[in-house]
$ cat run37.cif   # mmCIF, C-alpha atoms
data_my_file
loop_
_atom_site.label_atom_id
_atom_site.label_comp_id
_atom_site.auth_asym_id
_atom_site.auth_seq_id
_atom_site.Cartn_x
_atom_site.Cartn_y
_atom_site.Cartn_z
CA MET C 176 -22.63 156.90 -52.02
CA ARG C 177 -24.23 158.28 -55.10
CA ARG C 178 -27.10 155.80 -54.94
CA THR C 179 -27.86 156.83 -51.38
CA VAL C 180 -27.89 160.46 -52.37
CA ARG C 181 -30.25 159.80 -55.25
CA LEU C 182 -32.58 157.76 -53.06
CA LEU C 183 -32.72 160.45 -50.41
CA THR C 184 -33.29 163.18 -52.95
CA GLY C 185 -35.98 161.12 -54.62
CA THR C 186 -37.78 160.73 -51.31
CA ALA C 187 -37.53 164.44 -50.57
CA LEU C 188 -38.88 165.30 -53.98
CA ALA C 189 -41.69 162.78 -53.69
CA VAL C 190 -42.70 164.43 -50.42
CA ALA C 191 -42.45 167.85 -52.02
CA ALA C 192 -44.49 166.71 -55.00
CA ALA C 193 -47.16 165.18 -52.75
CA GLY C 194 -47.34 168.42 -50.77
CA ALA C 195 -47.75 170.42 -53.94
CA ALA C 196 -50.19 168.04 -55.59
CA ALA C 197 -53.11 170.34 -54.80
CA ALA C 198 -51.38 173.31 -56.43
CA PRO C 199 -51.41 173.62 -60.21
CA ALA C 200 -48.50 171.50 -61.32
CA HIS C 201 -46.21 172.58 -64.09
CA GLY C 202 -43.71 169.87 -64.74
CA GLY C 203 -43.04 169.17 -61.09
CA ASP C 204 -42.63 165.48 -61.71
CA THR C 205 -39.86 165.84 -64.26
CA GLY C 206 -36.88 167.83 -63.09
CA GLY C 207 -35.09 170.16 -65.48
CA ARG C 208 -31.41 170.03 -66.26
CA LEU C 209 -29.08 171.98 -64.05
CA GLU C 210 -25.87 173.41 -65.42
CA VAL C 211 -23.07 172.72 -62.96
CA PHE C 212 -19.79 174.51 -63.64
CA PRO C 213 -17.18 173.25 -63.45
CA ALA C 214 -18.62 169.75 -63.71
CA THR C 215 -15.43 168.41 -62.15
CA VAL C 216 -13.88 170.11 -59.18
CA VAL C 217 -11.25 169.53 -56.50
CA PRO C 218 -12.11 169.80 -52.78
CA GLY C 219 -12.16 173.46 -51.75
CA GLY C 220 -13.18 174.59 -55.23
CA ASP C 221 -15.97 177.01 -56.13
CA VAL C 222 -18.94 175.85 -58.20
CA THR C 223 -21.55 177.85 -60.11
CA VAL C 224 -24.93 176.36 -60.94
CA THR C 225 -27.35 177.82 -63.44
CA SER C 226 -30.97 176.81 -63.83
CA THR C 227 -33.57 177.68 -66.45
CA SER C 228 -36.30 175.71 -64.71
CA CYS C 229 -37.76 178.42 -62.50
CA GLY C 230 -39.42 180.65 -65.08
CA ASP C 231 -39.62 184.40 -64.70
CA SER C 232 -39.68 184.56 -60.91
CA GLY C 233 -36.16 183.18 -61.06
CA THR C 234 -35.22 182.64 -57.44
CA ALA C 235 -34.59 179.14 -56.15
CA THR C 236 -32.94 177.23 -53.35
CA GLY C 237 -30.01 174.99 -54.14
CA ASP C 238 -29.11 171.89 -52.22
CA ALA C 239 -25.46 170.86 -52.28
CA SER C 240 -25.64 169.01 -48.97
CA ALA C 241 -24.77 165.77 -50.77
CA VAL C 242 -21.23 167.07 -51.14
CA GLY C 243 -21.32 168.73 -47.71
CA ALA C 244 -21.83 172.30 -48.95
CA GLY C 245 -25.33 172.77 -47.52
CA HIS C 246 -27.95 175.02 -49.06
CA PHE C 247 -27.44 178.09 -51.22
CA THR C 248 -29.61 180.66 -52.97
CA LEU C 249 -30.05 181.15 -56.71
CA ALA C 250 -30.85 184.67 -57.93
CA PRO C 251 -32.13 185.72 -61.34
CA THR C 252 -29.47 186.67 -63.91
CA ALA C 253 -29.60 189.20 -66.73
CA HIS C 254 -30.82 186.38 -68.97
CA GLU C 255 -34.56 185.96 -68.85
CA GLY C 256 -35.84 182.97 -66.92
CA GLU C 257 -32.39 182.05 -65.65
CA ALA C 258 -31.16 181.83 -62.06
CA THR C 259 -27.65 181.25 -60.80
CA GLY C 260 -25.91 180.58 -57.50
CA HIS C 261 -22.55 179.59 -56.07
CA PHE C 262 -21.26 177.25 -53.41
CA ARG C 263 -17.85 176.02 -52.25
CA VAL C 264 -17.01 172.35 -52.01
CA PRO C 265 -15.61 171.69 -48.50
CA PRO C 266 -11.87 170.93 -48.43
CA SER C 267 -12.75 167.66 -46.69
CA ALA C 268 -15.00 166.43 -49.55
CA GLN C 269 -14.34 162.90 -50.76
CA GLN C 270 -13.87 161.79 -54.33
CA GLY C 271 -17.12 160.83 -56.07
CA THR C 272 -20.15 161.98 -58.03
CA TYR C 273 -22.71 164.05 -56.17
CA GLU C 274 -26.16 165.20 -57.10
CA ILE C 275 -26.86 168.93 -56.86
CA ASP C 276 -30.55 169.92 -56.72
CA VAL C 277 -32.39 173.15 -57.18
CA ILE C 278 -35.98 173.74 -56.09
CA CYS C 279 -37.77 176.83 -57.38
CA THR C 280 -39.16 179.27 -54.84
CA GLU C 281 -42.45 179.50 -56.70
CA GLY C 282 -44.22 176.44 -58.05
CA ASP C 283 -42.83 172.98 -57.66
CA ASP C 284 -40.32 172.90 -60.50
CA TRP C 285 -36.89 171.56 -59.80
CA ALA C 286 -33.67 170.76 -61.58
CA THR C 287 -30.80 168.45 -60.95
CA GLY C 288 -27.22 168.00 -62.12
CA ASP C 289 -24.09 166.04 -61.25
CA LEU C 290 -20.88 167.30 -59.72
CA VAL C 291 -17.73 165.17 -59.84
CA VAL C 292 -15.17 165.69 -57.09
CA THR C 293 -11.66 164.53 -57.94
CA LEU C 294 -8.59 164.76 -55.76
CA SER C 295 -6.25 165.69 -58.59
CA SER C 296 -7.34 168.55 -60.78
CA GLU C 297 -7.46 167.68 -64.47
CA ARG C 298 -8.90 171.07 -65.18
CA ALA C 299 -6.53 173.85 -66.17
CA GLN C 300 -3.56 171.54 -65.87
CA VAL C 301 -3.25 171.09 -69.60
CA SER C 302 -2.40 174.45 -71.05
CA PRO C 303 -2.31 175.10 -74.77
CA ARG C 304 1.08 175.08 -76.47
CA GLY C 305 2.40 177.22 -79.25
CA SER C 306 0.90 179.85 -81.48
CA VAL C 307 -2.72 180.05 -82.59
CA LYS C 308 -3.88 179.92 -86.21
CA THR C 309 -6.19 182.89 -86.30
CA GLY C 310 -5.82 184.39 -89.73
CA VAL C 311 -5.33 183.59 -93.38
CA GLY C 312 -4.36 187.00 -94.72
CA GLY C 313 -7.78 187.76 -96.18
CA ALA C 314 -7.55 191.33 -94.93
CA LEU C 315 -4.36 191.83 -96.88
CA GLY C 316 -5.51 191.13 -100.41
CA PRO C 317 -7.15 193.50 -102.87
CA ASP C 318 -10.65 194.68 -102.01
CA PRO C 319 -12.89 193.19 -104.73
CA VAL C 320 -15.66 195.75 -104.20
CA GLN C 321 -13.34 198.73 -104.62
CA THR C 322 -11.65 197.09 -107.58
CA ALA C 323 -14.98 196.46 -109.32
CA GLY C 324 -16.05 200.05 -108.61
CA GLY C 325 -12.80 201.33 -110.07
CA VAL C 326 -13.23 199.27 -113.24
CA ALA C 327 -16.82 200.51 -113.65
CA ALA C 328 -15.78 204.14 -113.16
CA LEU C 329 -13.00 203.80 -115.73
CA ALA C 330 -15.48 202.28 -118.19
CA VAL C 331 -17.68 205.35 -117.76
CA ALA C 332 -14.66 207.58 -118.31
CA ALA C 333 -13.73 205.68 -121.49
CA ALA C 334 -17.28 205.98 -122.85
CA GLY C 335 -17.34 209.72 -122.08
CA GLY C 336 -13.96 210.23 -123.66
CA THR C 337 -14.96 208.37 -126.80
CA TRP C 338 -18.12 210.45 -127.10
CA LEU C 339 -16.18 213.71 -126.72
CA LEU C 340 -13.54 212.67 -129.27
CA HIS C 341 -16.27 211.65 -131.65
CA ARG C 342 -17.86 215.10 -131.30
CA ARG C 343 -14.56 216.80 -131.88
CA ALA C 344 -13.83 214.75 -135.00
CA ARG C 345 -17.19 215.81 -136.42
CA GLY C 346 -16.21 219.41 -135.81
CA ASP C 347 -18.98 220.07 -133.32
CA GLY C 348 -16.53 222.20 -131.40
CA ILE C 349 -15.22 221.68 -127.94
CA MET U 170 -26.48 224.57 -125.38
CA ARG U 171 -24.30 222.04 -127.10
CA ARG U 172 -21.25 223.57 -125.45
CA VAL U 173 -22.88 223.13 -122.04
CA GLY U 174 -23.50 219.46 -122.88
CA ASN U 175 -19.92 219.01 -123.89
CA THR U 176 -18.63 220.66 -120.74
CA ALA U 177 -20.84 218.48 -118.56
CA MET U 178 -19.70 215.35 -120.39
CA ALA U 179 -16.07 216.39 -120.00
CA ALA U 180 -16.60 216.95 -116.27
CA VAL U 181 -18.28 213.56 -115.84
CA THR U 182 -15.50 211.86 -117.78
CA ALA U 183 -12.81 213.52 -115.74
CA ALA U 184 -14.57 212.63 -112.45
CA ALA U 185 -15.03 209.01 -113.52
CA LEU U 186 -11.38 208.80 -114.56
CA LEU U 187 -10.11 210.17 -111.24
CA SER U 188 -12.43 208.16 -109.01
CA GLY U 189 -11.79 205.00 -111.05
CA ALA U 190 -8.05 205.41 -110.67
CA TRP U 191 -8.41 206.09 -106.93
CA LEU U 192 -10.67 203.07 -106.38
CA LEU U 193 -8.35 200.73 -108.28
CA ARG U 194 -5.31 201.98 -106.41
CA ASN U 195 -6.98 201.81 -103.01
CA GLY U 196 -8.60 198.44 -103.72
CA SER U 197 -5.31 196.80 -104.57
CA GLU U 198 -3.49 198.18 -101.53
CA THR U 199 -2.76 195.83 -98.65
CA HIS U 200 -4.63 196.44 -95.39
CA ALA U 201 -2.30 194.91 -92.85
CA PRO U 202 -3.81 194.70 -89.35
CA PRO U 203 -2.35 197.15 -86.80
CA GLN U 204 0.60 195.83 -84.79
CA PRO U 205 1.50 196.80 -81.22
CA THR U 206 4.21 199.40 -80.70
CA ALA U 207 7.08 199.05 -78.23
CA ALA U 208 5.26 201.44 -75.90
CA GLU U 209 2.60 198.80 -75.25
CA ALA U 210 5.09 196.02 -74.40
CA HIS U 211 5.67 194.74 -70.86
CA SER U 212 7.68 197.25 -68.85
CA GLY U 213 8.93 196.37 -65.39
CA PRO U 214 7.17 194.12 -62.90
CA SER U 215 3.41 194.18 -63.27
CA ASP U 216 1.22 195.55 -60.52
CA PRO U 217 0.36 192.53 -58.38
CA ARG U 218 -2.91 194.06 -57.19
CA SER U 219 -6.23 193.10 -58.70
CA ALA U 220 -9.87 192.98 -57.79
CA PRO U 221 -11.00 190.00 -55.67
CA PRO U 222 -11.51 186.92 -57.86
CA LEU U 223 -15.01 185.99 -59.04
CA PRO U 224 -16.50 182.50 -58.69
CA PRO U 225 -16.10 180.34 -61.81
CA SER U 226 -18.66 180.97 -64.53
CA PRO U 227 -18.32 180.38 -68.27
CA PRO U 228 -18.18 183.57 -70.36
CA ASP U 229 -20.79 184.55 -72.99
CA ARG U 230 -19.37 187.60 -74.66
CA ILE U 231 -16.30 189.82 -74.93
CA ARG U 232 -16.35 193.58 -75.42
CA ILE U 233 -13.40 195.92 -75.99
CA PRO U 234 -15.07 199.35 -76.32
CA SER U 235 -11.90 201.17 -77.45
CA LEU U 236 -11.59 198.80 -80.42
CA ARG U 237 -15.33 198.49 -81.05
CA VAL U 238 -15.16 194.74 -80.38
CA ASP U 239 -18.40 193.12 -79.23
CA ALA U 240 -18.56 189.40 -79.96
CA PRO U 241 -20.03 186.19 -78.59
CA LEU U 242 -17.66 183.57 -77.18
CA MET U 243 -17.68 179.85 -77.93
CA GLY U 244 -15.84 177.12 -76.02
CA LEU U 245 -12.47 176.09 -77.45
CA ARG U 246 -10.46 172.92 -76.91
CA LEU U 247 -7.00 171.81 -77.90
CA THR U 248 -5.98 170.52 -81.31
CA GLY U 249 -4.30 167.14 -81.63
CA ALA U 250 -0.97 168.96 -81.62
CA GLY U 251 -1.77 170.58 -78.27
CA SER U 252 -2.30 174.10 -79.56
CA LEU U 253 -5.45 176.06 -78.85
CA ASP U 254 -8.18 175.40 -81.41
CA VAL U 255 -9.93 178.38 -83.02
CA PRO U 256 -13.53 179.31 -83.86
CA PRO U 257 -14.81 178.51 -87.39
CA ALA U 258 -13.16 181.01 -89.74
CA ARG U 259 -16.34 181.78 -91.69
CA GLU U 260 -17.88 183.39 -88.58
CA LYS U 261 -16.42 186.87 -88.78
CA ASN U 262 -17.63 188.16 -85.43
CA LEU U 263 -17.02 185.18 -83.14
CA ALA U 264 -14.28 184.63 -80.58
CA GLY U 265 -13.60 181.65 -78.33
CA TRP U 266 -12.30 180.86 -74.85
CA TYR U 267 -10.31 177.86 -73.62
CA GLU U 268 -13.09 176.02 -71.83
CA ALA U 269 -10.86 173.47 -70.08
CA GLY U 270 -8.99 176.31 -68.40
CA THR U 271 -9.74 179.20 -66.08
CA THR U 272 -12.97 181.13 -66.58
CA PRO U 273 -12.49 184.91 -66.97
CA GLY U 274 -12.65 186.49 -63.51
CA GLU U 275 -11.46 183.40 -61.61
CA THR U 276 -7.93 183.29 -60.17
CA GLY U 277 -5.63 182.10 -62.93
CA THR U 278 -5.09 182.73 -66.61
CA ALA U 279 -8.19 182.79 -68.80
CA ILE U 280 -7.53 182.54 -72.53
CA VAL U 281 -9.58 184.09 -75.35
CA ALA U 282 -8.69 183.78 -79.05
CA GLY U 283 -10.23 185.02 -82.29
CA HIS U 284 -9.41 185.57 -85.94
CA VAL U 285 -7.67 188.66 -87.23
CA ASP U 286 -9.17 187.98 -90.66
CA ASN U 287 -10.69 185.29 -92.83
CA ALA U 288 -10.78 184.74 -96.58
CA ASP U 289 -13.32 187.56 -96.98
CA GLY U 290 -11.45 190.23 -95.01
CA PRO U 291 -11.05 191.55 -91.46
CA ALA U 292 -12.53 189.51 -88.58
CA VAL U 293 -13.33 190.00 -84.88
CA PHE U 294 -9.82 190.81 -83.60
CA TYR U 295 -8.52 192.70 -86.66
CA GLY U 296 -7.84 195.76 -84.51
CA LEU U 297 -6.40 193.93 -81.46
CA GLY U 298 -2.83 195.06 -82.19
CA ALA U 299 -3.98 198.65 -81.66
CA ALA U 300 -5.03 198.00 -78.04
CA LYS U 301 -3.45 200.36 -75.50
CA LYS U 302 -2.30 199.82 -71.92
CA GLY U 303 -5.14 200.57 -69.53
CA ALA U 304 -7.86 199.83 -72.11
CA VAL U 305 -10.93 198.10 -70.66
CA ILE U 306 -11.95 194.59 -71.67
CA GLU U 307 -15.38 193.42 -70.52
CA VAL U 308 -16.34 189.76 -70.33
CA ALA U 309 -20.02 189.03 -69.78
CA ARG U 310 -20.45 185.75 -67.93
CA ARG U 311 -23.12 183.12 -67.73
CA ASP U 312 -23.89 184.01 -64.09
CA GLY U 313 -24.90 187.53 -65.14
CA THR U 314 -21.77 189.29 -63.88
CA VAL U 315 -19.48 191.28 -66.17
CA ALA U 316 -15.79 190.85 -65.39
CA LEU U 317 -13.78 194.03 -66.08
CA PHE U 318 -10.14 193.73 -67.11
CA SER U 319 -7.47 196.35 -67.72
CA VAL U 320 -4.80 195.87 -70.37
CA ASP U 321 -1.27 195.51 -68.92
CA ALA U 322 0.64 194.96 -72.16
CA VAL U 323 0.25 194.14 -75.84
CA GLU U 324 2.97 191.97 -77.34
CA VAL U 325 3.63 190.23 -80.62
CA TYR U 326 5.41 186.86 -80.57
CA ASP U 327 6.91 184.80 -83.37
CA ALA U 328 5.31 181.36 -83.78
CA ARG U 329 8.73 179.69 -83.96
CA ASP U 330 9.65 180.87 -80.47
CA PHE U 331 6.31 181.19 -78.72
CA PRO U 332 6.60 181.90 -74.95
CA ASP U 333 4.07 179.31 -73.75
CA GLU U 334 4.69 179.91 -70.05
CA LYS U 335 4.32 183.67 -70.31
CA VAL U 336 1.14 183.48 -72.36
CA TYR U 337 -0.62 180.41 -70.97
CA GLY U 338 1.12 179.90 -67.60
CA ALA U 339 -0.75 180.02 -64.29
CA ALA U 340 -1.29 183.36 -62.53
CA ARG U 341 -1.92 184.12 -58.86
CA ARG U 342 -4.54 186.74 -59.64
CA PRO U 343 -7.40 186.73 -62.19
CA GLU U 344 -5.80 187.44 -65.55
CA LEU U 345 -6.88 187.36 -69.17
CA ARG U 346 -5.07 186.81 -72.47
CA VAL U 347 -6.62 187.81 -75.76
CA ILE U 348 -4.86 186.29 -78.76
CA THR U 349 -5.03 186.76 -82.50
CA CYS U 350 -2.71 186.34 -85.48
CA GLY U 351 -0.06 188.95 -86.13
CA GLY U 352 3.55 189.65 -86.90
CA GLY U 353 4.62 189.66 -90.50
CA PHE U 354 2.68 187.90 -93.21
CA SER U 355 4.05 185.79 -96.02
CA PRO U 356 1.82 184.28 -98.70
CA GLY U 357 3.46 180.87 -98.21
CA THR U 358 3.33 180.50 -94.46
CA GLY U 359 0.67 183.04 -93.45
CA TYR U 360 0.97 185.18 -90.34
CA GLN U 361 4.31 184.68 -88.60
CA GLY U 362 3.02 184.79 -85.04
CA ASN U 363 0.45 186.13 -82.60
CA VAL U 364 -0.57 189.40 -81.04
CA VAL U 365 -1.22 188.75 -77.33
CA VAL U 366 -3.02 191.18 -75.02
CA PHE U 367 -2.26 190.73 -71.29
CA ALA U 368 -4.89 192.01 -68.85
CA HIS U 369 -5.89 191.64 -65.20
CA LEU U 370 -9.19 191.86 -63.34
CA THR U 371 -10.04 195.31 -61.97
CA GLY U 372 -13.64 194.75 -60.93
CA SER U 373 -17.03 193.49 -61.93
CA ARG U 374 -20.60 194.62 -62.27
#
$ encode --input "run37.cif" --output "structure tokens"
Amino acid sequence: MRRTVRLLTGTALAVAAAGAAAAPAHGGDTGGRLEVFPATVVPGGDVTVTSTSCGDSGTATGDASAVGAGHFTLAPTAHEGEATGHFRVPPSAQQGTYEIDVICTEGDDWATGDLVVTLSSERAQVSPRGSVKTGVGGALGPDPVQTAGGVAALAVAAAGGTWLLHRRARGDGI
Amino acid sequence: MRRVGNTAMAAVTAAALLSGAWLLRNGSETHAPPQPTAAEAHSGPSDPRSAPPLPPSPPDRIRIPSLRVDAPLMGLRLTGAGSLDVPPAREKNLAGWYEAGTTPGETGTAIVAGHVDNADGPAVFYGLGAAKKGAVIEVARRDGTVALFSVDAVEVYDARDFPDEKVYGAARRPELRVITCGGGFSPGTGYQGNVVVFAHLTGSR
């Protein structure tokens, strides 16, 4: 299944690359990595793909036809040079690993990533248990900066006091 | 002239004495993090309505404007004991989300956790116990959307009797939990439990 998908995609890309050979190529022969989230999904689940392969223009067309979800559009995100899009895995999808492809609207850059379809969801089934260890009490202790400042100020006070007492003892008048 | 000098020195000495005493006193005081009041606890059945769920997308950042929280999020997994792992304690302004679970904005319960303090002092969620019902929590996501949540309740739970189902259990609408340490503190065993903020999705932008 997966091999067939790869072969077909490879052919499509070869055709695309040949068509674009006259245009200035920027990395068209090596596809970028596509972030597929979640990487494992149950039939009927939603998937988000994010690509950084399309530069500033951002937009791209996604191809999830391998898993039966057809084509979808990727739009630029708030992050520079990043495009994202969504598709839904059909409820009838079979278990397996499918290739998801993205072809940039401008240029001939592309990206590819894998999506695993499982029939039983492993995701979100294991919930955490018990409390979370998120503190050691460091906010509770004495503040070393304030303490040091206090000690310094008291030292100044002691020096001043000594000086004044010294004056007084000499009868300089206070 | 000499008298003026003496007066000035006396004033400086007195000021240093007072400020020194104040600094020492204040510096040795404990600065316990705020804890939720009973008014912020769950009251009655929660409003089942929420905004339509968002597609799954991992979160980048959490912001709680009313508490001046604005921190990046890292992925968290489970410890060997099955509890939620936590971000590295030395990173003061870093929170985490349970990356094997629901993403914030999706239908279900998304979980975010962060430190109340570390060895140096207060950390990212020091003020979490002061959150109020209705406060806005923003989660910026990888797909460029910002999921907006509204606080439903703020609770504190003892670690010995932690309500796993209530905190981590599945939800039929997009919900969020934000967790940090709380409850009493004892030097031997540390914080006694967790402050947990319950929130639901109200929209996105």
$ resolve_selection --input "run37.cif" --expression "the PyMOL selection byres ((chain U) within 6 of (chain C))" --output "MDAnalysis selection string"
chainID U and resid 182 185:186 189 192:193 196:197 199:201 251:253 269:270 284:291 312:313 328 331 333 349:350
$ resolve_selection --input "run37.cif" --expression "the PyMOL selection byres ((chain C and resi 247) around 6)" --output "list in words"
Thr236, Gly237, His246 and Thr248 of chain C
$ resolve_selection --input "run37.cif" --expression "the PyMOL selection byres ((chain C and resi 207) around 6)" --output "list in words"
Gly206, Arg208, Ser228 and Ala286 of chain C
$ write_last_selection --input "run37.cif" --atoms "C-alpha atoms" --output "PDB file, in the frame of the given file"
ATOM      1  CA  GLY C 206     -36.880 167.830 -63.090  1.00  0.00           C
ATOM      2  CA  ARG C 208     -31.410 170.030 -66.260  1.00  0.00           C
ATOM      3  CA  SER C 228     -36.300 175.710 -64.710  1.00  0.00           C
ATOM      4  CA  ALA C 286     -33.670 170.760 -61.580  1.00  0.00           C
TER       5      ALA C 286
END
$ closest_atom_pairs --input "run37.cif" --of "range 256-291 of chain U" --to "range 221-242 of chain U" --cutoff "7 Å" --atoms "all atoms listed in the file" --output "tab-separated table"
residue	atom	partner	partner_atom	distance
U:Asn262	CA	U:Ala240	CA	5.7
U:Leu263	CA	U:Ala240	CA	5.5
U:Ala264	CA	U:Leu242	CA	4.9
U:Gly265	CA	U:Leu242	CA	4.6
U:Trp266	CA	U:Leu242	CA	6.4
U:Thr272	CA	U:Pro227	CA	5.7
U:Pro273	CA	U:Pro228	CA	6.8
U:Gly274	CA	U:Leu223	CA	5.1
U:Glu275	CA	U:Leu223	CA	5.1
U:Thr276	CA	U:Pro222	CA	5.6
$ closest_residue --input "run37.cif" --among "U:Val323, U:Gly244, U:Gly283, U:Asp330" --to "Lys301 in chain U" --atoms "only C-alpha atoms"
U:Val323
$ atom_distance --input "run37.cif" --atom1 "CA of His341 in chain C" --atom2 "CA of Ala177 in chain U"
15.5 Å
$ axis_aligned_box --input "run37.cif" --around "range 202-213 of chain U" --padding-each-side "8 Å" --output "lines of an AutoDock Vina configuration file"
center_x = 2.6
center_y = 198.1
center_z = -77.4
size_x = 28.7
size_y = 22.7
size_z = 40.0
